[in-house]
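With PDB, C-alpha atoms inside, this is upload15.pdb:
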```
ATOM      1  CA  MET A   1       0.000   0.000   0.000
ATOM      2  CA  ALA A   2       1.304   3.433  -0.900
ATOM      3  CA  ASP A   3       1.714   6.224   1.621
ATOM      4  CA  ILE A   4       0.891   9.655   0.205
ATOM      5  CA  GLU A   5       3.653  11.212   2.303
ATOM      6  CA  ARG A   6       6.333   8.741   1.143
ATOM      7  CA  LEU A   7       6.936   9.056  -2.592
ATOM      8  CA  ASP A   8       9.151   5.961  -2.606
ATOM      9  CA  THR A   9       6.029   3.844  -1.865
ATOM     10  CA  TRP A  10       4.129   5.123  -4.906
ATOM     11  CA  VAL A  11       3.530   2.691  -7.785
ATOM     12  CA  LYS A  12       4.227   3.208 -11.476
ATOM     13  CA  TYR A  13       0.986   4.335 -13.074
ATOM     14  CA  LYS A  14      -0.645   2.148 -15.710
ATOM     15  CA  ASN A  15      -4.024   2.304 -17.443
ATOM     16  CA  GLY A  16      -6.837   0.796 -15.402
ATOM     17  CA  LEU A  17      -5.172   1.379 -12.048
ATOM     18  CA  CYS A  18      -7.849   3.898 -11.029
ATOM     19  CA  SER A  19     -10.704   1.405 -11.445
ATOM     20  CA  ASP A  20     -10.085  -0.270  -8.079
ATOM     21  CA  CYS A  21      -8.298   2.497  -6.167
ATOM     22  CA  MET A  22      -9.600   4.317  -3.094
ATOM     23  CA  GLY A  23      -8.891   7.687  -4.734
ATOM     24  CA  SER A  24      -5.703   8.306  -2.777
ATOM     25  CA  CYS A  25      -4.728  11.177  -5.071
ATOM     26  CA  CYS A  26      -7.942  12.918  -3.994
ATOM     27  CA  SER A  27      -6.478  13.254  -0.506
ATOM     28  CA  MET A  28      -3.669  15.527  -1.692
ATOM     29  CA  PRO A  29      -4.073  19.314  -1.861
ATOM     30  CA  VAL A  30      -5.549  20.332  -5.222
ATOM     31  CA  GLU A  31      -4.217  23.576  -6.672
ATOM     32  CA  VAL A  32      -6.395  25.203  -9.303
ATOM     33  CA  LYS A  33      -6.440  28.327 -11.429
ATOM     34  CA  LEU A  34      -9.309  30.665 -12.188
ATOM     35  CA  PRO A  35     -10.316  28.880 -15.448
ATOM     36  CA  ASP A  36     -10.679  25.637 -13.456
ATOM     37  CA  LEU A  37     -13.042  27.373 -11.036
ATOM     38  CA  VAL A  38     -15.106  28.647 -13.964
ATOM     39  CA  ARG A  39     -15.287  25.121 -15.443
ATOM     40  CA  ILE A  40     -16.285  23.686 -12.037
ATOM     41  CA  GLY A  41     -19.057  26.294 -11.921
ATOM     42  CA  VAL A  42     -18.125  28.137  -8.728
ATOM     43  CA  VAL A  43     -16.997  31.300 -10.547
ATOM     44  CA  ASP A  44     -19.098  32.924 -13.267
ATOM     45  CA  GLU A  45     -17.405  34.338 -16.344
ATOM     46  CA  PHE A  46     -18.835  37.801 -15.578
ATOM     47  CA  GLU A  47     -16.811  37.770 -12.325
ATOM     48  CA  LEU A  48     -13.526  37.599 -14.234
ATOM     49  CA  GLY A  49     -13.465  41.405 -14.377
ATOM     50  CA  GLU A  50     -13.442  41.641 -10.583
ATOM     51  CA  PRO A  51     -10.260  41.797  -8.522
ATOM     52  CA  ILE A  52      -9.074  38.224  -7.946
ATOM     53  CA  LYS A  53      -8.757  38.842  -4.199
ATOM     54  CA  ASN A  54     -12.529  39.501  -4.047
ATOM     55  CA  ILE A  55     -13.194  36.173  -5.753
ATOM     56  CA  ALA A  56     -10.790  34.442  -3.355
ATOM     57  CA  LYS A  57     -12.496  35.998  -0.311
ATOM     58  CA  ARG A  58     -15.921  34.848  -1.521
ATOM     59  CA  LEU A  59     -14.722  31.306  -2.215
ATOM     60  CA  GLU A  60     -12.999  31.096   1.175
ATOM     61  CA  LYS A  61     -16.164  32.289   2.891
ATOM     62  CA  GLN A  62     -18.162  29.628   0.999
ATOM     63  CA  ARG A  63     -15.514  27.050   2.000
ATOM     64  CA  ILE A  64     -14.757  26.100  -1.591
ATOM     65  CA  ILE A  65     -11.104  27.070  -1.284
ATOM     66  CA  GLN A  66      -8.897  26.976   1.772
ATOM     67  CA  HIS A  67      -6.084  29.145   0.442
ATOM     68  CA  PHE A  68      -5.229  31.614  -2.289
ATOM     69  CA  ASN A  69      -1.654  32.431  -3.262
ATOM     70  CA  PHE A  70      -1.721  36.010  -4.567
ATOM     71  CA  LYS A  71       1.763  35.727  -6.049
ATOM     72  CA  SER A  72       1.079  32.657  -8.211
ATOM     73  CA  GLY A  73      -2.662  33.134  -8.685
ATOM     74  CA  MET A  74      -3.255  29.567  -7.453
ATOM     75  CA  PHE A  75      -6.208  28.539  -5.325
ATOM     76  CA  THR A  76      -6.167  25.426  -3.119
ATOM     77  CA  LEU A  77      -9.475  23.593  -2.930
ATOM     78  CA  THR A  78     -10.909  22.849   0.491
ATOM     79  CA  GLN A  79     -10.191  19.466   2.004
ATOM     80  CA  ARG A  80     -12.497  17.692   4.432
ATOM     81  CA  ALA A  81     -11.302  16.949   7.974
ATOM     82  CA  ASN A  82     -10.072  13.523   6.786
ATOM     83  CA  GLY A  83      -8.000  15.170   4.010
ATOM     84  CA  ASP A  84     -10.315  14.245   1.127
ATOM     85  CA  CYS A  85     -11.082  16.712  -1.624
ATOM     86  CA  LEU A  86     -14.348  18.577  -1.263
ATOM     87  CA  TYR A  87     -15.559  16.947  -4.500
ATOM     88  CA  LEU A  88     -14.705  13.319  -3.655
ATOM     89  CA  ASP A  89     -17.877  11.293  -3.036
ATOM     90  CA  GLN A  90     -17.438   9.682   0.383
ATOM     91  CA  LYS A  91     -19.353   6.496  -0.487
ATOM     92  CA  THR A  92     -18.195   5.721  -4.013
ATOM     93  CA  ARG A  93     -14.719   7.318  -3.686
ATOM     94  CA  LEU A  94     -15.278   8.804  -7.159
ATOM     95  CA  CYS A  95     -15.014  12.418  -8.242
ATOM     96  CA  SER A  96     -18.404  14.116  -8.167
ATOM     97  CA  ILE A  97     -17.298  16.693 -10.780
ATOM     98  CA  TYR A  98     -15.267  14.365 -13.009
ATOM     99  CA  ALA A  99     -16.304  15.953 -16.341
ATOM    100  CA  GLN A 100     -15.477  19.427 -14.959
ATOM    101  CA  ARG A 101     -12.448  18.426 -12.849
ATOM    102  CA  PRO A 102      -9.499  20.829 -12.618
ATOM    103  CA  ASN A 103      -6.448  20.530 -14.859
ATOM    104  CA  THR A 104      -4.380  19.377 -11.875
ATOM    105  CA  CYS A 105      -6.596  16.290 -11.654
ATOM    106  CA  ARG A 106      -6.838  15.835 -15.431
ATOM    107  CA  ASN A 107      -3.060  15.724 -15.712
ATOM    108  CA  HIS A 108      -2.375  13.469 -12.705
ATOM    109  CA  PRO A 109      -0.137  11.447 -12.506
ATOM    110  CA  GLN A 110       1.831  12.896 -15.426
ATOM    111  CA  VAL A 111       2.398  15.955 -13.247
ATOM    112  CA  GLY A 112       2.625  16.016  -9.491
ATOM    113  CA  PRO A 113       5.029  15.157  -6.720
ATOM    114  CA  ARG A 114       6.354  12.074  -8.568
ATOM    115  CA  PRO A 115       5.462  12.220 -12.285
ATOM    116  CA  GLY A 116       4.360   8.881 -13.700
ATOM    117  CA  PHE A 117       3.658   7.393 -10.260
ATOM    118  CA  CYS A 118       0.604   7.440  -7.999
ATOM    119  CA  ALA A 119      -0.312   6.717  -4.393
ATOM    120  CA  TYR A 120      -2.398   3.695  -5.390
ATOM    121  CA  THR A 121      -4.416   2.192  -2.539
ATOM    122  CA  ARG A 122      -6.585  -0.792  -3.416
ATOM    123  CA  ASN A 123     -10.270  -0.429  -2.638
ATOM    124  CA  PRO A 124     -11.119  -3.435  -0.432
ATOM    125  CA  GLN A 125     -14.700  -3.385  -1.724
ATOM    126  CA  HIS A 126     -13.654  -3.701  -5.361
ATOM    127  CA  GLY A 127     -15.115  -6.854  -6.806
ATOM    128  CA  ARG A 128     -17.432  -7.498  -3.846
ATOM    129  CA  LYS A 129     -21.009  -8.232  -4.767
ATOM    130  CA  VAL A 130     -23.576  -6.088  -3.074
ATOM    131  CA  SER A 131     -26.509  -8.070  -1.741
ATOM    132  CA  THR A 132     -29.903  -6.876  -2.888
TER     133      THR A 132
END
```

How does this structure look as structure tokens?
Amino acid sequence: MADIERLDTWVKYKNGLCSDCMGSCCSMPVEVKLPDLVRIGVVDEFELGEPIKNIAKRLEKQRIIQHFNFKSGMFTLTQRANGDCLYLDQKTRLCSIYAQRPNTCRNHPQVGPRPGFCAYTRNPQHGRKVST
């Protein structure tokens, strides 16, 4: 099992690995830019004319972001108390905004702390039949 904090435990990424993972990558801080927030639907295009610090203040107040770096223009999405991304479904462990997900997520694991590797953690419920 990989440990998010220990890059040497990460596994080489291969297609299909996500299908039975617990979504470990969704427990890392997610940095996004303004266009990502527009795509997610939390910033309207008409707001783009406003000072970015006003947008950041609103999103912090709504608990959508937990941090804004004025120098880089990067926002960090809010994480739940357990470290999970705000948009990770707690039951299915799947992204609830997958089609609109930020570029950081779209490009993982090609970019990130260890490019080409991921913190794969097998979902123990994968393959279990649910009784009806």

Long-range neighbours of Leu7 of chain A as a VMD selection string, 9 Å cut-off, all atoms listed in the file, 4 positions minimum in chain: chain A and resid 2 to 3 11 113 to 114 117 to 119

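Proximity ranking of A:Asn82, A:Gln62, A:Gln90, A:Ser19 relative to Val43 of chain A places A:Gln62 first, based on only C-alpha atoms.
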
Find the residues around Cys85 of chain A up to 6 Å (only C-alpha atoms counted), leave out those fewer than 4 positions away in its own chain, and share them as a VMD selection string. chain A and resid 26 to 27 79

Could you write out the selected residues, including C-alpha atoms, as a PDB file, keeping the file's coordinate frame?
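Below you can see out-v2.pdb, which holds the result:
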```pdb
ATOM      1  CA  CYS A  26      -7.942  12.918  -3.994  1.00  0.00           C
ATOM      2  CA  SER A  27      -6.478  13.254  -0.506  1.00  0.00           C
ATOM      3  CA  GLN A  79     -10.191  19.466   2.004  1.00  0.00           C
TER       4      GLN A  79
END
```

Which residue, A:Gly23, A:Gly16, A:Gly49, A:Gly41, has the smallest gap to Asn123 of chain A when you use all atoms listed in the file? A:Gly23

Non-local contacts of Phe68 of chain A (12 Å; all atoms listed in the file; under 4 positions in same chain excluded) as number ranges by chain: A: 30-34, 52-60, 64, 72-78

Determine the residue membership of the PyMOL selection byres ((chain A and resi 97) around 10) for the file above and supply it as a list of chain:residue names. A:Arg39, A:Ile40, A:Gly41, A:Tyr87, A:Leu88, A:Asp89, A:Leu94, A:Cys95, A:Ser96, A:Tyr98, A:Ala99, A:Gln100, A:Arg101, A:Pro102

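The interatomic distance for the pair atom CA of Arg93 of chain A and atom CA of Cys21 of chain A works out to 8.4 Å.
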
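If all atoms listed in the file are the atoms counted, then among A:Lys91, A:Lys14, A:Lys71, A:Arg80 the closest residue to His108 of chain A is A:Lys14.
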
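Minimum distance to Pro109 of chain A across A:Lys12, A:Arg6, A:His67, A:Lys61 (counting all atoms listed in the file) occurs at A:Lys12.
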
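In this model, the gap between atom CA of Pro29 of chain A and atom CA of Pro124 of chain A comes to 23.9 Å.
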